[in-house]
Amino acid sequence: MSPQGQNQGQERVTIRRLLTGVPGLDEIFGGGLPEYSFNIIAGAPGCGKTTLAHQILFASAGPERPALYFTVLGEPAIKMLRYQQQFTFFDPSKLGGSIRFVNLSQIVLDHDLGAVLDAIVTEVEACKARLVVVDSFRTVVRKAQGSATEMELQGFVQRLALHLTSWQATTFLIGEYVEGELRDNPVFTVADGLFWLYQSVERNSIVRKMQVMKLRGQESVPGLHTFRITGDGLQTFPRTFGLSAESAHLKGERRLSTGIREFDAVLGGGIPEGDSLLLAGPSGSGKSVLASQFVAEGLRQGEPGVIAIFEEIPAQYIQRAAKLGLDFDAPQKDGALKIIYIRPLDLSVDETVYEIIDAVRRIGAKRVVIDSLVGFEMALAPDFRYEFRESLYRMIGALTRLGVTVISTVEVQENFNSMGLSNFAISFLADDIVRLRYVSINGQLRKMLLVVKMRGGPHGIDMWEYKITGKGVVMGEPLRGYRGLTSGIPAPWSFESGENDPAPRHDRPPGPPESRPEGGSD
Amino acid sequence: MDTPSPSTRDLARRLLAAEAASQSAADPRAPEGVRVCEKLRIHLARFIGPDGFTALLRRALALARAEVPALHGVTEKADGSLEGLDKLAAAAPDVGGAAAFAITTHLLTLLVTFIGEPITARLMRETWPDASLDK
């Protein structure tokens with residue numbers, strides 16, 4: 001149980017909160033479920049209502065807080081026990097004592113609402129139940145709708161809520177309601193809490209979401225939250241990612257080295273700590289190599305890192321890094337590096353972020369690489385791809401709130417007419433943007449990088465040639481003496497006449513990187 | 001179809017013995033087999049409903065008849081109670097005992113099949129709190 005926050009000196013009743021035992025759900029509710037509340041868990045068949053109720057009961061019920069689970073018409077209790085005990089939350093030792101099952105089918109079928117109410121109240125009083133579930137309440141109401149008037153039905157629900165609350169029970173009524181019933185159903189009016197579970201199937205993916213449509217007495221997190229059902233029961237992924245408090249981290253208090261001295265100089269001294277940097281470039285341009293060098297440098301400096309990969313398995317990633325002289329195997333074994341491989345095709349952004357945040361917290365990571373955003377998008381369920389941009393915004397915000405510095409790689413199609421920065425119109429989300437591209441010079445396809453943007457400070461404005469060697473990315477010289485470098489097909493530049501200069505000037509010794517005034521990167 | 005395990009048969013035997021030794025039986029004149037089934041009916045119907053218990057009992061009776069043909073004269077009523085078992089026990093106590101044992105064993109086996117042995121044992125301990133049912 002968790003007490004509510006400050007009463008701010010006023011005489012207010014303290015609404016204690018029940019901890020649900022469902023990961024993430026207490027945060028969605030705003031700290032737990034208000035004690036003595038009368039709640040409805042609604043949703044289509046198969047979306048997890050019964051499992052949710054069981055999970056809450058098994059987490060909360062005990063000798064001091066016994067629970068009654070009323071089964072009505074629907075899933076037979078014996079089947080319910082058979083399936084629910086497959087979940088890890090199921091504790092057989094609580095059956096019979098802390099959690100009792102009572103079947104109301106016969107009473108519902110043979111008698112009226114008054115008898116149903118009497119039966120429930122009698123059981124609650126005898127058992128002194130503090131937690132009550134009626135599954136499914138919809139069938140109780142459906143049966144009554146044929147014989148009782150709307151007022152009688154409303155009266156029944158009202159009296160039930162009064163009795164159960166008076167006996168200090170926290171109640172869950174489970175029902176296969178549809179959203180169209182929200183307007184006229186008296187149950188929803190009486191309820192203190194209304195939690196709706198959704199499940200949709202799109203191509204090969206199942207997407208599950210839940211929403212707190214109503215919760216009296218406290219502020220819950222609005223919107224649709226992804227959840228998943230596993231062998232441990234439901235796990236919810238609040239949209240706030242557990243980061244509702246103000247961040248204590250200030251960005252840019254120091255600069256993080258990329259592991260490439262010359263590149264650090266181009267960046268104005270390294271990547272500002274806490275920034276999100278977008279590394280955009282075509283296939284084979286060295287994005288993953290640069291990102292790996294960034295993490296390796298962090299490890300050298302004692303900064304743990306997390307790498308989220310989508311396009312190759314960790315063993316291959318480690319092997320590829322090893323060929324560059326970067327050891328990811330030992331740090332992974334030591335717990336300084338966590339490589340997360342995410343491949344399922346029904347993923348949600350929220351689940352991925354939770355996994356990354358969890359890893360960051362567990363190892364105290366300072367550097368995170370997401371390689372790549374295109375692979376990430378492909379791994380999502382189709383339903384989540386529509387909101388990918390919004391989700392990326394929340395993901396990057398969540399990660400940088402933790403004070404980590406994030407490099408996200410994104411593949412862009414090479415175009416010899418323009419130089420796009422990403423496929424998702426997300427450039428504005430990144431604090432810093434580095435663009436890699438191919439340029440055709442003297443019949444060779446060379447590689448070039450430029451810093452497009454550094455939100456927090458000055459950076460070099462040259463376009464630099466670089467190579468990918470056996471030791472990773474090695475910076476070359478600024479590509480001066482050309483015009484049209486950003487097109488990929490530059491022509492020599494003549495400073496004197498403005499005409500084509502037969503002697504390219506890219507081999508002139510470069511001066512120090514010229515800097516833009518601070519704050520002018522946008 | 002699951003064959004009753006030795007532990008389930010043993011549990012059935014102990015339930016019948018506990019009921020035979022019970023001083024607080026509702027109807028001491030009724031054979032212990034009838035009393036065991038009646039107690040199971042009252043306790044399990046509360047949990048799985050009268051229809052649920054009747055369905056299980058019907059199945060258990062069908063399985064038990066294969067072992068004790070005399071059970072063809074015993075039927076289940078709509079409320080889940082047995083009709084004819086007491087007459088069978090009165091007419092032939094040994095056969096009645098075997099019949100009660102067979103029904104109880106198959107009923108427990110069905111419960112074990114659906115909800116597992118630990119929960120089944122727990123349910124029996126709740127129904128017979130004073131009996132020593134642990135192995």
# chains A, B, ... in the order shown; residues from 1 in each chain; ligands from 1
$ interface_residues --of "chain B" --to "chain A" --cutoff "9 Å" --atoms "only C-alpha atoms" --output "number ranges by chain"
B: 45-52, 111, 114-116, 118-119, 122-123, 126
$ select_by_dssp --residues "chain B" --states "alpha helix (DSSP H)" --output "compact mmCIF listing (two decimals) with C-alpha atoms, in the first residue's frame"
# COMPACT_ATOMS: atom_id res chain seq x y z
CA PRO B 6 -1.36 -44.34 -6.91
CA SER B 7 -1.31 -41.04 -5.02
CA THR B 8 -4.83 -40.20 -6.17
CA ARG B 9 -6.09 -43.62 -5.17
CA ASP B 10 -4.41 -43.16 -1.82
CA LEU B 11 -6.07 -39.77 -1.38
CA ALA B 12 -9.47 -41.27 -2.19
CA ARG B 13 -8.85 -44.02 0.36
CA ARG B 14 -7.96 -41.48 3.04
CA LEU B 15 -11.02 -39.35 2.28
CA LEU B 16 -13.28 -42.36 2.70
CA ALA B 17 -11.49 -43.35 5.89
CA ALA B 18 -11.73 -39.81 7.25
CA GLU B 19 -15.42 -39.74 6.57
CA ALA B 20 -15.92 -43.18 8.10
CA ALA B 21 -14.19 -42.00 11.27
CA GLU B 32 -19.18 -43.03 3.93
CA GLY B 33 -19.02 -43.19 0.13
CA VAL B 34 -22.28 -41.29 -0.11
CA ARG B 35 -21.12 -38.80 2.48
CA VAL B 36 -17.83 -38.21 0.66
CA CYS B 37 -19.61 -37.53 -2.61
CA GLU B 38 -22.11 -35.25 -0.87
CA LYS B 39 -19.35 -33.26 0.82
CA LEU B 40 -17.49 -32.93 -2.46
CA ARG B 41 -20.71 -31.79 -4.12
CA ILE B 42 -21.38 -29.06 -1.57
CA HIS B 43 -17.81 -27.80 -1.51
CA LEU B 44 -16.92 -28.06 -5.18
CA ALA B 45 -20.30 -26.74 -6.40
CA ARG B 46 -19.62 -23.57 -4.48
CA PHE B 47 -16.41 -23.18 -6.44
CA ILE B 48 -17.30 -24.52 -9.89
CA GLY B 49 -21.08 -24.24 -9.73
CA PRO B 50 -23.69 -26.99 -9.52
CA ASP B 51 -23.55 -27.51 -13.28
CA GLY B 52 -19.80 -27.74 -13.19
CA PHE B 53 -19.81 -30.34 -10.46
CA THR B 54 -22.60 -32.36 -12.08
CA ALA B 55 -20.65 -32.47 -15.33
CA LEU B 56 -17.55 -33.76 -13.52
CA LEU B 57 -19.54 -36.29 -11.53
CA ARG B 58 -21.26 -37.63 -14.64
CA ARG B 59 -17.89 -38.20 -16.25
CA ALA B 60 -16.47 -39.82 -13.10
CA LEU B 61 -19.48 -42.10 -12.88
CA ALA B 62 -19.04 -43.16 -16.50
CA LEU B 63 -15.39 -44.02 -15.86
CA ALA B 64 -16.14 -45.81 -12.59
CA ARG B 65 -18.81 -48.00 -14.21
CA LEU B 85 -25.45 -45.55 -4.17
CA ASP B 86 -26.87 -45.92 -0.65
CA LYS B 87 -29.13 -48.77 -1.79
CA LEU B 88 -26.20 -50.47 -3.47
CA ALA B 89 -24.11 -50.16 -0.30
CA ALA B 90 -26.96 -51.52 1.83
CA ALA B 91 -27.48 -54.50 -0.46
CA PRO B 93 -21.48 -53.47 1.37
CA ASP B 94 -18.30 -54.68 -0.34
CA VAL B 95 -19.55 -53.72 -3.77
CA GLY B 96 -20.85 -50.42 -2.40
CA GLY B 97 -17.45 -49.69 -0.94
CA ALA B 98 -15.70 -50.47 -4.20
CA ALA B 99 -18.21 -48.31 -6.06
CA ALA B 100 -17.68 -45.36 -3.73
CA PHE B 101 -13.94 -45.77 -4.03
CA ALA B 102 -14.11 -45.86 -7.83
CA ILE B 103 -16.30 -42.75 -8.09
CA THR B 104 -14.17 -40.80 -5.64
CA THR B 105 -10.96 -41.86 -7.34
CA HIS B 106 -12.14 -40.83 -10.79
CA LEU B 107 -13.55 -37.56 -9.55
CA LEU B 108 -10.21 -36.71 -7.96
CA THR B 109 -8.36 -37.84 -11.09
CA LEU B 110 -10.44 -35.47 -13.21
CA LEU B 111 -9.67 -32.61 -10.85
CA VAL B 112 -5.96 -33.46 -10.96
CA THR B 113 -6.12 -33.59 -14.74
CA PHE B 114 -7.67 -30.15 -14.99
CA ILE B 115 -6.15 -28.21 -12.12
CA GLU B 117 -2.46 -32.32 -7.86
CA PRO B 118 -1.37 -29.49 -5.52
CA ILE B 119 -4.59 -27.51 -5.94
CA THR B 120 -6.72 -30.64 -5.80
CA ALA B 121 -5.05 -31.63 -2.52
CA ARG B 122 -5.61 -28.12 -1.22
CA LEU B 123 -9.29 -28.30 -2.07
CA MET B 124 -9.58 -31.63 -0.22
CA ARG B 125 -7.86 -30.24 2.85
CA GLU B 126 -10.38 -27.38 2.87
CA THR B 127 -13.26 -29.83 2.63
$ residues_around --residues "segment 62-66 of chain A" --least-positions-apart "3" --cutoff "6 Å" --atoms "only C-alpha atoms" --output "MDAnalysis selection string"
chainID A and resid 98:99 129:130
$ closest_residue --among "A:Lys143, A:Arg138, A:Arg480, A:Arg361" --to "Asp110 of chain A" --atoms "only C-alpha atoms"
A:Lys143
$ closest_residue --among "A:Gly481, A:Gly302, A:Ala359, A:Glu253" --to "Trp493 of chain A" --atoms "only C-alpha atoms"
A:Gly481
$ atom_distance --atom1 "atom CA of Met475 of chain A" --atom2 "atom CA of Glu414 of chain A"
21.0 Å
$ residues_around --residues "segment 318-322 of chain A" --least-positions-apart "5" --cutoff "10 Å" --atoms "only C-alpha atoms" --output "PDB file with N, CA and C atoms, in the first residue's frame"
ATOM      1  N   SER A 288      27.604   2.455 -38.580  1.00  0.00           N
ATOM      2  CA  SER A 288      27.754   1.499 -37.476  1.00  0.00           C
ATOM      3  C   SER A 288      29.173   1.518 -36.938  1.00  0.00           C
ATOM      4  N   VAL A 289      30.141   1.725 -37.825  1.00  0.00           N
ATOM      5  CA  VAL A 289      31.537   1.757 -37.393  1.00  0.00           C
ATOM      6  C   VAL A 289      31.765   2.947 -36.454  1.00  0.00           C
ATOM      7  N   SER A 292      30.090   2.340 -33.171  1.00  0.00           N
ATOM      8  CA  SER A 292      30.836   1.363 -32.368  1.00  0.00           C
ATOM      9  C   SER A 292      32.055   2.010 -31.729  1.00  0.00           C
ATOM     10  N   GLN A 293      32.737   2.861 -32.493  1.00  0.00           N
ATOM     11  CA  GLN A 293      33.917   3.544 -31.947  1.00  0.00           C
ATOM     12  C   GLN A 293      33.521   4.459 -30.792  1.00  0.00           C
ATOM     13  N   ALA A 296      33.030   2.205 -27.832  1.00  0.00           N
ATOM     14  CA  ALA A 296      34.322   1.668 -27.395  1.00  0.00           C
ATOM     15  C   ALA A 296      35.119   2.728 -26.628  1.00  0.00           C
ATOM     16  N   ILE A 313      22.716 -10.082 -35.524  1.00  0.00           N
ATOM     17  CA  ILE A 313      22.712 -10.661 -34.179  1.00  0.00           C
ATOM     18  C   ILE A 313      23.942 -10.165 -33.409  1.00  0.00           C
ATOM     19  N   ASP A 327      37.050  -4.381 -28.720  1.00  0.00           N
ATOM     20  CA  ASP A 327      36.639  -5.548 -27.945  1.00  0.00           C
ATOM     21  C   ASP A 327      35.319  -5.250 -27.245  1.00  0.00           C
ATOM     22  N   PHE A 328      34.269  -5.918 -27.706  1.00  0.00           N
ATOM     23  CA  PHE A 328      32.969  -5.787 -27.039  1.00  0.00           C
ATOM     24  C   PHE A 328      32.634  -7.041 -26.246  1.00  0.00           C
ATOM     25  N   ASP A 329      33.420  -8.047 -26.417  1.00  0.00           N
ATOM     26  CA  ASP A 329      33.104  -9.315 -25.767  1.00  0.00           C
ATOM     27  C   ASP A 329      33.363  -9.234 -24.270  1.00  0.00           C
ATOM     28  N   GLN A 332      31.031  -6.934 -22.318  1.00  0.00           N
ATOM     29  CA  GLN A 332      29.703  -7.500 -22.193  1.00  0.00           C
ATOM     30  C   GLN A 332      29.669  -8.514 -21.055  1.00  0.00           C
ATOM     31  N   ILE A 339      24.374  -5.364 -25.134  1.00  0.00           N
ATOM     32  CA  ILE A 339      23.926  -5.324 -26.531  1.00  0.00           C
ATOM     33  C   ILE A 339      22.537  -5.938 -26.574  1.00  0.00           C
ATOM     34  N   GLY A 470      41.020  -0.714 -41.298  1.00  0.00           N
ATOM     35  CA  GLY A 470      40.984  -1.836 -40.364  1.00  0.00           C
ATOM     36  C   GLY A 470      40.911  -1.382 -38.920  1.00  0.00           C
ATOM     37  N   LYS A 471      41.057  -0.086 -38.700  1.00  0.00           N
ATOM     38  CA  LYS A 471      40.984   0.428 -37.329  1.00  0.00           C
ATOM     39  C   LYS A 471      39.748   1.307 -37.144  1.00  0.00           C
ATOM     40  N   GLY A 472      38.861   1.241 -38.076  1.00  0.00           N
ATOM     41  CA  GLY A 472      37.647   2.034 -37.972  1.00  0.00           C
ATOM     42  C   GLY A 472      37.701   3.254 -38.876  1.00  0.00           C
TER      43      GLY A 472
END
$ residues_around --residues "Leu436 of chain A" --least-positions-apart "6" --cutoff "6 Å" --atoms "only C-alpha atoms" --output "JSON, numbers by chain"
{"A": [281, 448, 449]}
$ residues_around --residues "Ser257 of chain A" --least-positions-apart "3" --cutoff "7 Å" --atoms "only C-alpha atoms" --output "number ranges by chain"
A: 264, 270-271, 297
$ write_last_selection --atoms "C-alpha atoms" --output "PDB file, in the first residue's frame"
ATOM      1  CA  ASP A 264      35.918  15.403 -31.953  1.00  0.00           C
ATOM      2  CA  GLY A 270      33.153  16.028 -28.876  1.00  0.00           C
ATOM      3  CA  ILE A 271      29.478  15.290 -28.435  1.00  0.00           C
ATOM      4  CA  GLU A 297      35.765   5.029 -26.409  1.00  0.00           C
TER       5      GLU A 297
END
$ atom_distance --atom1 "atom CA of His459 of chain A" --atom2 "atom CA of Lys447 of chain A"
19.5 Å
$ decode --residues "segment 165-191 of chain A" --atoms "C-alpha atoms" --output "PDB file, in the first residue's frame"
ATOM      1  CA  THR A 165     -17.433  -0.014  -0.549  1.00  0.00           C
ATOM      2  CA  SER A 166     -18.993  -0.032   2.932  1.00  0.00           C
ATOM      3  CA  TRP A 167     -17.272  -3.328   3.584  1.00  0.00           C
ATOM      4  CA  GLN A 168     -14.023  -1.669   2.466  1.00  0.00           C
ATOM      5  CA  ALA A 169     -13.613  -3.887  -0.525  1.00  0.00           C
ATOM      6  CA  THR A 170     -11.776  -2.882  -3.676  1.00  0.00           C
ATOM      7  CA  THR A 171     -13.870  -4.251  -6.492  1.00  0.00           C
ATOM      8  CA  PHE A 172     -13.259  -5.294 -10.085  1.00  0.00           C
ATOM      9  CA  LEU A 173     -16.151  -6.012 -12.407  1.00  0.00           C
ATOM     10  CA  ILE A 174     -15.060  -7.703 -15.595  1.00  0.00           C
ATOM     11  CA  GLY A 175     -17.078  -7.273 -18.747  1.00  0.00           C
ATOM     12  CA  GLU A 176     -16.932  -7.693 -22.503  1.00  0.00           C
ATOM     13  CA  TYR A 177     -18.250  -4.222 -23.149  1.00  0.00           C
ATOM     14  CA  VAL A 178     -17.928  -2.245 -26.358  1.00  0.00           C
ATOM     15  CA  GLU A 179     -17.097   1.426 -26.373  1.00  0.00           C
ATOM     16  CA  GLY A 180     -20.501   2.265 -27.762  1.00  0.00           C
ATOM     17  CA  GLU A 181     -21.991   1.314 -24.413  1.00  0.00           C
ATOM     18  CA  LEU A 182     -20.111   4.014 -22.562  1.00  0.00           C
ATOM     19  CA  ARG A 183     -22.835   6.547 -23.030  1.00  0.00           C
ATOM     20  CA  ASP A 184     -25.861   4.764 -21.571  1.00  0.00           C
ATOM     21  CA  ASN A 185     -24.645   2.003 -19.308  1.00  0.00           C
ATOM     22  CA  PRO A 186     -25.322   2.758 -15.597  1.00  0.00           C
ATOM     23  CA  VAL A 187     -22.385   0.601 -14.562  1.00  0.00           C
ATOM     24  CA  PHE A 188     -19.969   3.116 -16.013  1.00  0.00           C
ATOM     25  CA  THR A 189     -21.606   5.968 -14.172  1.00  0.00           C
ATOM     26  CA  VAL A 190     -21.306   4.263 -10.824  1.00  0.00           C
ATOM     27  CA  ALA A 191     -17.775   2.998 -11.341  1.00  0.00           C
TER      28      ALA A 191
END
